[in-house]
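Raw contents of data-v9.cif, mmCIF, C-alpha atoms:
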data_my_file
loop_
_atom_site.label_atom_id
_atom_site.label_comp_id
_atom_site.auth_asym_id
_atom_site.auth_seq_id
_atom_site.Cartn_x
_atom_site.Cartn_y
_atom_site.Cartn_z
CA MET A 1 -20.55 85.65 -24.29
CA PRO A 2 -17.37 84.15 -22.75
CA ALA A 3 -15.41 81.99 -25.16
CA LEU A 4 -15.97 78.91 -23.06
CA CYS A 5 -19.48 79.44 -21.74
CA GLY A 6 -20.70 76.31 -23.44
CA ALA A 7 -18.06 73.92 -22.18
CA ALA A 8 -20.84 72.29 -20.16
CA ALA A 9 -20.77 69.25 -17.93
CA LEU A 10 -20.27 66.32 -20.16
CA GLY A 11 -20.00 63.83 -17.34
CA ALA A 12 -23.76 63.62 -17.81
CA ALA A 13 -23.10 62.26 -21.27
CA LEU A 14 -21.28 59.28 -19.75
CA LEU A 15 -23.97 56.65 -19.90
CA VAL A 16 -23.36 53.00 -19.05
CA PRO A 17 -24.15 50.75 -22.05
CA SER A 18 -26.68 47.95 -21.78
CA ALA A 19 -25.64 44.49 -20.60
CA SER A 20 -25.90 43.11 -24.12
CA ALA A 21 -23.59 45.84 -25.43
CA VAL A 22 -21.02 44.98 -22.74
CA ALA A 23 -21.20 41.23 -23.37
CA ALA A 24 -20.57 41.41 -27.12
CA PRO A 25 -17.38 42.78 -28.68
CA THR A 26 -18.04 46.40 -29.47
CA ARG A 27 -16.38 49.66 -30.42
CA VAL A 28 -15.99 52.31 -27.78
CA LEU A 29 -15.60 55.67 -29.50
CA GLY A 30 -14.90 59.15 -28.23
CA TYR A 31 -16.44 62.26 -29.79
CA ILE A 32 -14.56 65.52 -29.27
CA ALA A 33 -16.23 68.82 -30.17
CA ASN A 34 -13.62 71.33 -31.35
CA ASN A 35 -14.55 74.98 -30.90
CA GLY A 36 -12.47 75.69 -34.00
CA GLY A 37 -14.79 73.45 -36.01
CA GLY A 38 -15.41 69.73 -36.52
CA VAL A 39 -15.90 66.72 -34.28
CA SER A 40 -12.92 64.40 -33.85
CA VAL A 41 -13.74 60.68 -33.59
CA LEU A 42 -11.42 58.65 -31.39
CA ASP A 43 -11.12 54.85 -31.15
CA THR A 44 -10.44 54.20 -27.46
CA ALA A 45 -9.13 50.69 -28.14
CA THR A 46 -6.12 52.11 -29.99
CA ASP A 47 -6.35 55.74 -28.83
CA THR A 48 -6.11 56.97 -32.39
CA LEU A 49 -8.25 59.39 -34.37
CA THR A 50 -10.31 57.65 -37.04
CA SER A 51 -12.06 60.61 -38.67
CA THR A 52 -13.20 64.21 -38.30
CA LEU A 53 -16.86 64.98 -38.88
CA SER A 54 -17.88 68.35 -40.28
CA ASP A 55 -21.30 69.98 -40.38
CA ALA A 56 -21.23 72.85 -42.89
CA GLY A 57 -23.69 74.80 -40.76
CA GLY A 58 -22.14 73.88 -37.41
CA ASP A 59 -18.76 75.58 -37.16
CA SER A 60 -18.75 76.09 -33.40
CA PRO A 61 -19.42 72.76 -31.67
CA TYR A 62 -19.43 72.80 -27.87
CA GLY A 63 -21.18 70.05 -25.98
CA VAL A 64 -21.32 66.42 -27.06
CA GLY A 65 -23.97 63.92 -26.04
CA VAL A 66 -24.42 60.31 -27.16
CA ALA A 67 -27.69 58.41 -27.03
CA PHE A 68 -27.95 55.58 -24.50
CA ASP A 69 -27.54 52.85 -27.12
CA GLY A 70 -24.73 54.67 -28.86
CA ALA A 71 -26.58 54.95 -32.16
CA ARG A 72 -26.88 58.75 -32.13
CA GLY A 73 -24.54 61.60 -31.29
CA TYR A 74 -25.68 65.18 -30.62
CA VAL A 75 -23.45 68.25 -30.79
CA THR A 76 -24.45 71.82 -29.94
CA ASN A 77 -23.33 74.67 -32.20
CA VAL A 78 -23.33 77.82 -30.08
CA ARG A 79 -22.86 80.28 -32.95
CA ASN A 80 -25.33 78.65 -35.31
CA ASN A 81 -28.14 77.89 -32.84
CA THR A 82 -28.36 74.31 -34.07
CA LEU A 83 -27.94 70.75 -32.82
CA THR A 84 -25.93 68.50 -35.13
CA VAL A 85 -27.13 64.89 -35.24
CA ILE A 86 -24.59 62.15 -35.95
CA ASP A 87 -25.32 58.55 -36.92
CA THR A 88 -22.52 57.03 -34.84
CA PRO A 89 -22.36 53.50 -36.37
CA THR A 90 -21.49 55.09 -39.74
CA ASN A 91 -20.18 58.41 -38.39
CA THR A 92 -22.17 60.52 -40.82
CA ILE A 93 -24.01 63.80 -40.25
CA ASP A 94 -27.78 63.24 -40.42
CA ALA A 95 -29.31 66.59 -39.56
CA ALA A 96 -28.94 70.07 -38.07
CA VAL A 97 -31.88 70.80 -35.76
CA PRO A 98 -32.71 74.46 -34.98
CA VAL A 99 -32.78 75.06 -31.21
CA GLY A 100 -32.56 78.15 -28.97
CA ASP A 101 -30.17 81.08 -28.72
CA GLY A 102 -26.60 80.01 -27.92
CA PRO A 103 -26.97 76.23 -27.38
CA ALA A 104 -24.31 74.95 -25.00
CA GLY A 105 -25.02 71.84 -22.91
CA VAL A 106 -26.68 68.70 -24.21
CA VAL A 107 -27.92 65.51 -22.59
CA VAL A 108 -30.03 62.58 -23.81
CA SER A 109 -32.88 61.02 -21.83
CA PRO A 110 -32.19 57.47 -20.60
CA SER A 111 -34.84 56.17 -23.02
CA GLY A 112 -33.15 57.94 -25.91
CA GLY A 113 -36.47 59.56 -26.83
CA HIS A 114 -35.60 63.17 -26.04
CA VAL A 115 -32.57 65.41 -26.18
CA TYR A 116 -32.30 68.40 -23.86
CA VAL A 117 -30.26 71.41 -25.00
CA SER A 118 -29.43 74.34 -22.73
CA ASN A 119 -29.46 77.67 -24.58
CA TYR A 120 -26.92 79.95 -22.91
CA ARG A 121 -28.01 83.29 -24.35
CA GLY A 122 -31.69 82.40 -24.42
CA GLY A 123 -31.91 81.22 -20.81
CA THR A 124 -33.96 78.25 -21.96
CA VAL A 125 -33.86 74.52 -22.59
CA SER A 126 -34.95 73.13 -25.96
CA VAL A 127 -36.59 69.70 -25.88
CA VAL A 128 -35.83 67.80 -29.09
CA ASP A 129 -37.85 64.76 -30.11
CA ALA A 130 -35.29 62.15 -31.18
CA ALA A 131 -37.75 60.45 -33.54
CA THR A 132 -38.73 63.52 -35.53
CA LEU A 133 -35.57 65.56 -34.89
CA THR A 134 -37.58 68.68 -34.10
CA ALA A 135 -37.70 70.92 -31.05
CA THR A 136 -41.10 70.26 -29.50
CA ALA A 137 -40.88 72.42 -26.39
CA THR A 138 -38.94 75.32 -24.86
CA ILE A 139 -38.48 75.57 -21.09
CA ASP A 140 -37.65 78.89 -19.41
CA VAL A 141 -34.95 78.34 -16.79
CA GLY A 142 -33.07 81.62 -16.44
CA PRO A 143 -29.86 83.32 -17.61
CA ASN A 144 -26.69 81.64 -18.85
CA ALA A 145 -28.06 78.11 -18.99
CA ASP A 146 -24.97 75.93 -19.32
CA GLY A 147 -24.25 72.40 -18.08
CA VAL A 148 -27.10 69.87 -18.06
CA ALA A 149 -27.59 66.44 -16.48
CA ILE A 150 -30.51 64.05 -16.11
CA THR A 151 -31.39 61.42 -13.51
CA PRO A 152 -31.24 57.74 -14.54
CA ASP A 153 -35.04 57.49 -14.35
CA GLY A 154 -35.32 60.47 -16.70
CA LYS A 155 -37.64 62.39 -14.37
CA LYS A 156 -35.42 65.30 -13.37
CA LEU A 157 -33.23 67.56 -15.47
CA PHE A 158 -30.63 69.79 -13.83
CA VAL A 159 -29.38 72.98 -15.50
CA ALA A 160 -26.41 75.01 -14.22
CA HIS A 161 -26.47 78.81 -14.55
CA ASP A 162 -23.06 80.19 -15.44
CA VAL A 163 -23.74 83.52 -13.71
CA VAL A 164 -20.97 85.25 -11.77
CA GLY A 165 -21.79 85.41 -8.08
CA ALA A 166 -24.09 83.32 -5.93
CA GLY A 167 -25.31 80.77 -8.42
CA THR A 168 -28.08 78.25 -8.79
CA VAL A 169 -29.00 75.05 -10.56
CA SER A 170 -32.50 74.74 -12.00
CA VAL A 171 -34.51 71.56 -11.47
CA VAL A 172 -36.86 70.71 -14.35
CA ASP A 173 -39.68 68.17 -14.23
CA THR A 174 -39.36 66.37 -17.57
CA PHE A 175 -42.98 65.20 -17.46
CA THR A 176 -44.38 68.71 -17.34
CA ASN A 177 -41.37 70.41 -18.96
CA ALA A 178 -41.42 73.05 -16.26
CA GLU A 179 -38.88 74.34 -13.75
CA VAL A 180 -39.87 73.19 -10.26
CA ALA A 181 -36.97 74.32 -8.06
CA GLU A 182 -33.74 76.29 -7.83
CA ILE A 183 -30.77 75.00 -5.82
CA SER A 184 -28.17 77.46 -4.48
CA THR A 185 -24.83 75.70 -4.89
CA GLY A 186 -21.96 78.20 -5.06
CA ASN A 187 -20.25 80.85 -7.14
CA THR A 188 -20.87 80.42 -10.90
CA PRO A 189 -22.01 76.80 -11.32
CA THR A 190 -21.04 75.66 -14.80
CA ALA A 191 -21.13 71.85 -14.95
CA VAL A 192 -23.31 69.14 -13.45
CA ALA A 193 -23.35 65.34 -13.31
CA VAL A 194 -25.59 62.75 -11.65
CA THR A 195 -24.27 59.58 -10.03
CA PRO A 196 -25.32 56.29 -11.69
CA ASP A 197 -27.70 55.44 -8.82
CA GLY A 198 -29.40 58.82 -9.23
CA SER A 199 -28.96 59.82 -5.58
CA ARG A 200 -26.36 62.58 -5.91
CA LEU A 201 -25.89 65.63 -8.11
CA LEU A 202 -22.39 67.04 -8.47
CA VAL A 203 -22.14 70.74 -9.29
CA VAL A 204 -18.90 72.40 -10.38
CA ASN A 205 -18.77 75.92 -8.93
CA LYS A 206 -16.30 77.64 -11.21
CA PHE A 207 -15.40 80.61 -9.04
CA SER A 208 -15.80 78.87 -5.68
CA ASN A 209 -13.13 76.35 -6.71
CA ASN A 210 -15.22 73.51 -5.34
CA VAL A 211 -17.81 70.89 -6.18
CA ALA A 212 -21.14 70.83 -4.37
CA VAL A 213 -22.71 67.45 -3.57
CA VAL A 214 -26.51 67.64 -3.70
CA ASP A 215 -29.17 65.13 -2.63
CA THR A 216 -31.31 64.74 -5.75
CA ALA A 217 -34.44 63.90 -3.75
CA SER A 218 -34.43 66.73 -1.24
CA HIS A 219 -32.31 69.16 -3.30
CA ALA A 220 -30.26 69.81 -0.18
CA VAL A 221 -26.54 70.59 -0.50
CA LEU A 222 -24.80 67.93 1.58
CA GLY A 223 -21.38 69.53 1.40
CA THR A 224 -18.64 70.75 -0.89
CA ILE A 225 -15.33 69.26 -2.02
CA PRO A 226 -12.38 71.58 -2.71
CA VAL A 227 -10.67 71.35 -6.10
CA SER A 228 -8.14 73.60 -7.83
CA PHE A 229 -8.29 76.88 -9.76
CA ILE A 230 -11.34 77.53 -12.02
CA PRO A 231 -12.86 74.03 -12.32
CA HIS A 232 -14.92 73.45 -15.42
CA GLY A 233 -16.04 69.90 -16.31
CA VAL A 234 -17.02 66.79 -14.36
CA ALA A 235 -17.53 63.07 -14.95
CA VAL A 236 -18.53 60.30 -12.54
CA SER A 237 -17.08 56.80 -12.46
CA PRO A 238 -19.42 53.94 -13.45
CA ASP A 239 -19.54 52.69 -9.84
CA GLY A 240 -20.45 56.16 -8.59
CA THR A 241 -17.61 56.39 -6.06
CA ARG A 242 -15.35 58.90 -7.79
CA ALA A 243 -15.69 62.17 -9.64
CA PHE A 244 -13.16 63.61 -12.06
CA VAL A 245 -13.06 67.40 -12.35
CA THR A 246 -11.04 69.51 -14.80
CA ASN A 247 -9.28 72.59 -13.39
CA SER A 248 -9.02 74.92 -16.36
CA GLU A 249 -6.47 77.36 -14.93
CA ALA A 250 -4.47 74.84 -12.88
CA ASP A 251 -3.99 72.44 -15.84
CA SER A 252 -4.98 69.50 -13.70
CA LEU A 253 -7.66 66.87 -13.16
CA SER A 254 -8.98 66.56 -9.60
CA VAL A 255 -10.04 63.10 -8.44
CA LEU A 256 -12.71 63.11 -5.72
CA ASP A 257 -14.08 60.49 -3.34
CA ILE A 258 -17.84 61.06 -3.55
CA PRO A 259 -19.01 59.07 -0.47
CA ALA A 260 -16.30 60.63 1.69
CA MET A 261 -16.75 64.04 0.01
CA ALA A 262 -12.98 64.47 -0.06
CA PRO A 263 -10.25 65.07 -2.67
CA VAL A 264 -8.06 62.10 -3.58
CA ALA A 265 -5.48 63.43 -6.03
CA ALA A 266 -4.72 66.05 -8.67
CA VAL A 267 -3.33 64.75 -11.98
CA PRO A 268 -1.39 67.21 -14.20
CA VAL A 269 -2.86 67.25 -17.73
CA GLY A 270 -2.67 69.61 -20.71
CA ASP A 271 -3.11 73.34 -21.24
CA ARG A 272 -6.52 74.62 -20.08
CA PRO A 273 -8.49 71.41 -19.55
CA ILE A 274 -12.22 71.88 -20.04
CA SER A 275 -14.22 68.64 -20.18
CA VAL A 276 -13.73 65.03 -19.17
CA ALA A 277 -15.38 61.70 -20.00
CA LEU A 278 -14.69 58.12 -18.94
CA THR A 279 -14.78 54.83 -20.81
CA PRO A 280 -17.77 52.62 -19.91
CA ASP A 281 -15.53 50.41 -17.76
CA GLY A 282 -14.09 53.43 -15.97
CA ALA A 283 -10.51 52.43 -16.79
CA LYS A 284 -9.57 55.62 -18.64
CA ALA A 285 -10.49 59.29 -18.40
CA TYR A 286 -10.19 61.56 -21.45
CA VAL A 287 -9.60 65.28 -20.88
CA THR A 288 -9.94 67.99 -23.55
CA ASN A 289 -7.18 70.60 -23.42
CA PHE A 290 -8.56 73.80 -24.99
CA ASN A 291 -5.26 75.64 -25.47
CA GLY A 292 -3.29 72.47 -26.14
CA ASN A 293 -5.47 71.29 -29.04
CA SER A 294 -5.20 67.86 -27.50
CA VAL A 295 -6.75 65.18 -25.31
CA SER A 296 -4.96 63.80 -22.26
CA ILE A 297 -5.66 60.14 -21.45
CA VAL A 298 -5.54 59.31 -17.75
CA ASP A 299 -5.29 55.81 -16.31
CA THR A 300 -7.82 55.88 -13.47
CA ALA A 301 -6.01 53.13 -11.53
CA SER A 302 -2.54 54.72 -11.47
CA LEU A 303 -3.95 58.27 -11.76
CA SER A 304 -1.36 59.21 -14.36
CA VAL A 305 -1.42 60.46 -17.94
CA VAL A 306 -0.61 57.56 -20.25
CA ASN A 307 -1.03 59.31 -23.60
CA THR A 308 -1.75 62.66 -25.21
CA ILE A 309 -3.45 62.89 -28.61
CA ALA A 310 -3.60 65.87 -30.94
CA VAL A 311 -7.18 66.64 -32.01
CA GLY A 312 -8.83 69.72 -33.56
CA VAL A 313 -8.52 73.40 -32.69
CA ASN A 314 -9.69 74.30 -29.17
CA PRO A 315 -11.40 71.05 -28.10
CA VAL A 316 -14.19 71.58 -25.59
CA GLY A 317 -16.86 68.89 -25.19
CA ILE A 318 -16.28 65.16 -25.14
CA ALA A 319 -18.44 62.04 -24.85
CA ILE A 320 -17.40 58.38 -24.88
CA HIS A 321 -19.72 55.51 -25.64
CA ALA A 322 -20.03 51.96 -26.91
CA VAL A 323 -21.18 52.16 -30.53
CA PRO A 324 -23.01 49.28 -32.27
CA PRO A 325 -22.03 47.96 -35.70
CA ALA A 326 -23.55 49.68 -38.70
CA PRO A 327 -26.50 47.69 -40.13
CA THR A 328 -25.76 46.27 -43.57
CA LYS A 329 -27.63 45.00 -46.61
CA LEU A 330 -26.62 42.22 -49.02
CA ALA A 331 -28.04 42.04 -52.54
CA GLY A 332 -27.71 38.69 -54.30
CA GLY A 333 -27.12 38.29 -58.02
CA HIS A 334 -27.48 35.57 -60.65
CA ALA A 335 -25.21 32.60 -61.28
CA ALA A 336 -25.02 30.10 -64.16
CA LEU A 337 -25.03 26.32 -63.70
CA GLN A 338 -22.82 24.28 -66.00
CA LEU A 339 -22.85 20.49 -66.18
CA ARG A 340 -19.51 18.68 -65.97
CA LEU A 341 -18.31 15.14 -65.50
CA LEU A 342 -19.55 13.81 -62.14
CA GLY A 343 -20.87 17.16 -61.03
CA PHE A 344 -21.69 20.80 -61.72
CA THR A 345 -19.92 24.13 -61.85
CA VAL A 346 -21.75 27.16 -60.51
CA ARG A 347 -20.27 30.25 -62.15
CA GLY A 348 -20.54 33.86 -61.10
CA MET A 349 -22.27 33.72 -57.73
CA ASP A 350 -22.19 37.27 -56.46
CA ALA A 351 -23.48 39.65 -53.81
CA THR A 352 -23.05 43.34 -53.04
CA LEU A 353 -22.64 44.53 -49.44
CA THR A 354 -23.66 48.08 -48.48
CA GLU A 355 -24.45 50.06 -45.34
CA SER A 356 -28.20 50.25 -44.80
CA HIS A 357 -28.08 53.80 -43.48
CA THR A 358 -25.84 55.42 -46.07
CA GLY A 359 -25.86 53.02 -49.03
CA ARG A 360 -22.06 53.16 -49.06
CA PRO A 361 -20.26 49.99 -50.24
CA VAL A 362 -18.51 47.93 -47.57
CA ALA A 363 -15.12 46.68 -48.72
CA GLY A 364 -12.82 43.97 -47.39
CA LYS A 365 -15.50 41.70 -45.89
CA THR A 366 -15.78 37.96 -46.46
CA VAL A 367 -19.06 36.71 -47.90
CA ALA A 368 -19.90 32.99 -47.72
CA PHE A 369 -22.00 31.36 -50.48
CA ARG A 370 -24.03 28.24 -49.75
CA THR A 371 -26.84 26.20 -51.22
CA VAL A 372 -30.33 26.80 -49.85
CA LYS A 373 -29.80 23.61 -47.81
CA GLY A 374 -26.61 24.94 -46.26
CA GLN A 375 -23.86 23.16 -48.20
CA ALA A 376 -20.78 25.34 -48.53
CA LEU A 377 -20.00 26.52 -52.05
CA CYS A 378 -17.29 29.21 -51.88
CA THR A 379 -16.23 32.46 -50.21
CA ALA A 380 -15.15 35.81 -51.60
CA VAL A 381 -14.01 39.19 -50.25
CA THR A 382 -15.88 42.36 -51.17
CA ASN A 383 -13.99 44.86 -53.32
CA ALA A 384 -14.07 48.67 -53.18
CA SER A 385 -17.59 48.57 -54.64
CA GLY A 386 -18.78 46.09 -51.99
CA PHE A 387 -18.96 43.37 -54.67
CA ALA A 388 -17.97 39.75 -54.01
CA SER A 389 -18.06 36.91 -56.55
CA CYS A 390 -16.81 33.35 -56.86
CA ASP A 391 -17.31 30.02 -58.67
CA ALA A 392 -17.80 26.59 -57.14
CA ASN A 393 -17.45 23.00 -58.33
CA VAL A 394 -20.27 20.93 -56.84
CA PRO A 395 -20.59 17.12 -56.68
CA LEU A 396 -23.60 15.35 -58.18
CA LEU A 397 -24.91 14.33 -54.77
CA VAL A 398 -25.87 17.95 -54.02
CA GLY A 399 -28.57 17.54 -56.64
CA LEU A 400 -29.71 19.58 -59.60
CA ALA A 401 -33.03 20.46 -57.96
CA THR A 402 -31.25 21.94 -54.95
CA LEU A 403 -28.94 24.08 -57.06
CA LEU A 404 -31.77 25.43 -59.16
CA GLN A 405 -33.35 26.81 -55.99
CA GLY A 406 -30.52 29.33 -55.94
CA TYR A 407 -27.88 30.19 -53.35
CA THR A 408 -27.56 32.18 -50.14
CA ALA A 409 -24.90 34.81 -49.54
CA ALA A 410 -24.10 35.64 -45.93
CA TYR A 411 -21.87 38.17 -44.20
CA PRO A 412 -21.46 37.26 -40.50
CA GLY A 413 -20.77 40.78 -39.29
CA ASP A 414 -17.97 42.18 -37.17
CA ILE A 415 -17.27 45.03 -34.75
CA THR A 416 -17.88 47.73 -37.38
CA HIS A 417 -20.61 46.26 -39.59
CA GLY A 418 -23.60 44.08 -38.73
CA PRO A 419 -24.56 40.75 -40.36
CA SER A 420 -26.75 40.35 -43.41
CA VAL A 421 -28.02 37.56 -45.72
CA ALA A 422 -29.29 37.55 -49.29
CA HIS A 423 -30.60 35.06 -51.86
CA GLY A 424 -29.33 34.73 -55.38
CA SER A 425 -30.61 32.76 -58.34
CA ILE A 426 -28.98 29.96 -60.33
CA GLY A 427 -29.98 29.14 -63.89
CA LEU A 428 -28.81 26.58 -66.42
CA LEU A 429 -26.40 27.74 -69.11
#

I need this file expressed as structure tokens, please.
Amino acid sequence: MPALCGAAALGAALLVPSASAVAAPTRVLGYIANNGGGVSVLDTATDTLTSTLSDAGGDSPYGVGVAFDGARGYVTNVRNNTLTVIDTPTNTIDAAVPVGDGPAGVVVSPSGGHVYVSNYRGGTVSVVDAATLTATATIDVGPNADGVAITPDGKKLFVAHDVVGAGTVSVVDTFTNAEVAEISTGNTPTAVAVTPDGSRLLVVNKFSNNVAVVDTASHAVLGTIPVSFIPHGVAVSPDGTRAFVTNSEADSLSVLDIPAMAPVAAVPVGDRPISVALTPDGAKAYVTNFNGNSVSIVDTASLSVVNTIAVGVNPVGIAIHAVPPAPTKLAGGHAALQLRLLGFTVRGMDATLTESHTGRPVAGKTVAFRTVKGQALCTAVTNASGFASCDANVPLLVGLATLLQGYTAAYPGDITHGPSVAHGSIGLL
């Protein structure tokens, strides 16, 4: 099996977040699958690596897909025949799902309910139920199943066959989980992407040095666009007007005008670029450089490289997505009420903040304590154990009866962790 057979089209993993996700402040993270092992996590706001995720049984990650709401990441492990599942809000490994022989490409249905994995050596597609994290079906598509893409309505799945010579792309009906057509596109199709409106399929023909533009309704090839030497990956801009194609032996990124079916520019990037993904706003393109162990960041307005970041060994797949805050849980404690002249002192109000998914403590967050009627009492910052505690002097007018009903502790949430509220008790000393 060629070293890069699973580089796959990860433009299909570029999914536009929902309107609510765009409106609220949110993290936009990049996930880079390193063929040498591990998934690098990149914060696109600062263009810095925040962590590296490791699945003990997944030492050969290739493709990267992210669910439509950003809450799940999926990485294929071509040597281990598994699909690694990542909880993206907390960036923890949740599961390793057995799939077919030589999993390469991966794409998530628009509903987030199913994950489709192309199995390069098996010539099949595994259908994984996202709720149960089990493969529920296997679809025969033919040899060297590589890049995968799905239409926005989720009805059609396209699978490229990385076979030397006159190549085809399989069309799969996702309702019946059966192949319904084969499209002849060019020499050795390896990567595919669908435009946001669902009308066009872009197919990277690795040894034709071009990109075929296909009508997704009729399956007719409308034309081809020339690129440079040995193209490999493709991503489509959010407005559907441009495609970005990596040229693995020319060390460049081709920019294509899709409506005009014409090349626009070629941007020099790193050594042996394989895959490309765009930010949800389309402002930046991120290119994995297999031999450079790096990611080139391209400004899509100026069409120039603005940064290069070192990642893991031999990066291949990449996906970029808005990721929601991690849900949290607050647990309230018990405080003591002490009488004093003209008022009360409430001592030892406390709460512990943890991540709901992992149970890990959340440090450095401000928790506000109030009476059950909403009067402010005090604030405290969680420590390394997620614990926050403070005392409050309270005037008589608040009332003994109100205080004996206990207190509320509230964390308002931020870009990394969601809000939560708890109730604590107050008793007389």

request  = Could you state which residues are captured by the PyMOL selection byres ((chain A and resi 332) around 10) in this file, as a ChimeraX atom specification?
outcome  = /A:329-331,333-335,349-353,387-388,406-410,421-425

Evaluate the PyMOL selection byres ((chain A and resi 247-253) around 12) here and jot the selected residues down as a CSV table (one decimal) with C-alpha atoms, keeping the file's coordinate frame.
chain,number,residue,atom,x,y,z
A,4,LEU,CA,-16.0,78.9,-23.1
A,7,ALA,CA,-18.1,73.9,-22.2
A,191,ALA,CA,-21.1,71.8,-15.0
A,204,VAL,CA,-18.9,72.4,-10.4
A,205,ASN,CA,-18.8,75.9,-8.9
A,206,LYS,CA,-16.3,77.6,-11.2
A,207,PHE,CA,-15.4,80.6,-9.0
A,208,SER,CA,-15.8,78.9,-5.7
A,209,ASN,CA,-13.1,76.4,-6.7
A,210,ASN,CA,-15.2,73.5,-5.3
A,211,VAL,CA,-17.8,70.9,-6.2
A,226,PRO,CA,-12.4,71.6,-2.7
A,227,VAL,CA,-10.7,71.4,-6.1
A,228,SER,CA,-8.1,73.6,-7.8
A,229,PHE,CA,-8.3,76.9,-9.8
A,230,ILE,CA,-11.3,77.5,-12.0
A,231,PRO,CA,-12.9,74.0,-12.3
A,232,HIS,CA,-14.9,73.4,-15.4
A,233,GLY,CA,-16.0,69.9,-16.3
A,234,VAL,CA,-17.0,66.8,-14.4
A,235,ALA,CA,-17.5,63.1,-15.0
A,243,ALA,CA,-15.7,62.2,-9.6
A,244,PHE,CA,-13.2,63.6,-12.1
A,245,VAL,CA,-13.1,67.4,-12.4
A,246,THR,CA,-11.0,69.5,-14.8
A,254,SER,CA,-9.0,66.6,-9.6
A,255,VAL,CA,-10.0,63.1,-8.4
A,256,LEU,CA,-12.7,63.1,-5.7
A,263,PRO,CA,-10.2,65.1,-2.7
A,264,VAL,CA,-8.1,62.1,-3.6
A,265,ALA,CA,-5.5,63.4,-6.0
A,266,ALA,CA,-4.7,66.0,-8.7
A,267,VAL,CA,-3.3,64.8,-12.0
A,268,PRO,CA,-1.4,67.2,-14.2
A,269,VAL,CA,-2.9,67.2,-17.7
A,270,GLY,CA,-2.7,69.6,-20.7
A,271,ASP,CA,-3.1,73.3,-21.2
A,272,ARG,CA,-6.5,74.6,-20.1
A,273,PRO,CA,-8.5,71.4,-19.6
A,274,ILE,CA,-12.2,71.9,-20.0
A,275,SER,CA,-14.2,68.6,-20.2
A,276,VAL,CA,-13.7,65.0,-19.2
A,277,ALA,CA,-15.4,61.7,-20.0
A,285,ALA,CA,-10.5,59.3,-18.4
A,286,TYR,CA,-10.2,61.6,-21.4
A,287,VAL,CA,-9.6,65.3,-20.9
A,288,THR,CA,-9.9,68.0,-23.6
A,289,ASN,CA,-7.2,70.6,-23.4
A,290,PHE,CA,-8.6,73.8,-25.0
A,291,ASN,CA,-5.3,75.6,-25.5
A,292,GLY,CA,-3.3,72.5,-26.1
A,296,SER,CA,-5.0,63.8,-22.3
A,297,ILE,CA,-5.7,60.1,-21.4
A,298,VAL,CA,-5.5,59.3,-17.8
A,299,ASP,CA,-5.3,55.8,-16.3
A,300,THR,CA,-7.8,55.9,-13.5
A,303,LEU,CA,-4.0,58.3,-11.8
A,304,SER,CA,-1.4,59.2,-14.4
A,305,VAL,CA,-1.4,60.5,-17.9
A,316,VAL,CA,-14.2,71.6,-25.6

inquiry  = I want to know what sits within 12 Å of Ser109 of chain A, based on only C-alpha atoms, with residues of the same chain fewer than 2 positions away left out; could you give that as a PyMOL selection string?
reply    = chain A and resi 12-15+65-69+106-107+111-117+127-130+148-157+174-175

ask   = Do you know which residues the PyMOL selection byres ((chain A and resi 314) around 7) returns on this file, as a ChimeraX atom specification?
value = /A:34-36,290-291,293,312-313,315-316

Keeping only C-alpha atoms, write the selected residues to a file as a PDB file, in the frame of the given file.
ATOM      1  CA  ASN A  34     -13.620  71.330 -31.350  1.00  0.00           C
ATOM      2  CA  ASN A  35     -14.550  74.980 -30.900  1.00  0.00           C
ATOM      3  CA  GLY A  36     -12.470  75.690 -34.000  1.00  0.00           C
ATOM      4  CA  PHE A 290      -8.560  73.800 -24.990  1.00  0.00           C
ATOM      5  CA  ASN A 291      -5.260  75.640 -25.470  1.00  0.00           C
ATOM      6  CA  ASN A 293      -5.470  71.290 -29.040  1.00  0.00           C
ATOM      7  CA  GLY A 312      -8.830  69.720 -33.560  1.00  0.00           C
ATOM      8  CA  VAL A 313      -8.520  73.400 -32.690  1.00  0.00           C
ATOM      9  CA  PRO A 315     -11.400  71.050 -28.100  1.00  0.00           C
ATOM     10  CA  VAL A 316     -14.190  71.580 -25.590  1.00  0.00           C
TER      11      VAL A 316
END

ask   = Residues at most 7 Å from Leu396 of chain A, counting all atoms listed in the file, excluding those fewer than 4 positions away in the same chain, as a list in words?
value = Leu342, Gly343 and Phe344 of chain A

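Within 8 Å of Val172 of chain A, once all atoms listed in the file are used and residues closer than 4 positions along the same chain are dropped, the contacting residues are A:Lys156, A:Leu157, A:Phe158, A:Val159, A:Asn177, A:Ala178, A:Glu179, A:Val180, A:Ala181.
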
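In this model, the gap between atom CA of Asp146 of chain A and atom CA of His219 of chain A comes to 18.9 Å.
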
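Atom CA of Asn91 of chain A lies 28.7 Å from atom CA of Thr138 of chain A.
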
request  = Write out as an MDAnalysis selection string each polymer residue whose atoms come within 10 Å of Leu83 of chain A, counting all atoms listed in the file; drop sequence neighbours fewer than 4 positions from it.
outcome  = chainID A and resid 57:58 61 63:64 73:78 95:100 103:104 106 115 117 128 133:135

query = Smallest atom-to-atom distance to Val28 of chain A: which of A:His321, A:Arg360, A:Arg72, A:Arg340, using only C-alpha atoms?
reply = A:His321

key: Proximity to Arg79 of chain A - best of A:Gly37, A:Val236, A:Thr345, A:Thr328, all atoms listed in the file   = A:Gly37

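The shortest atom-to-atom distance to Ile309 of chain A, with only C-alpha atoms taken into account, belongs to A:Leu49 out of A:Ile139, A:Leu49, A:Val39, A:Leu397.
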
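Atom CA of Ser126 of chain A sits 14.1 Å away from atom CA of Pro143 of chain A.
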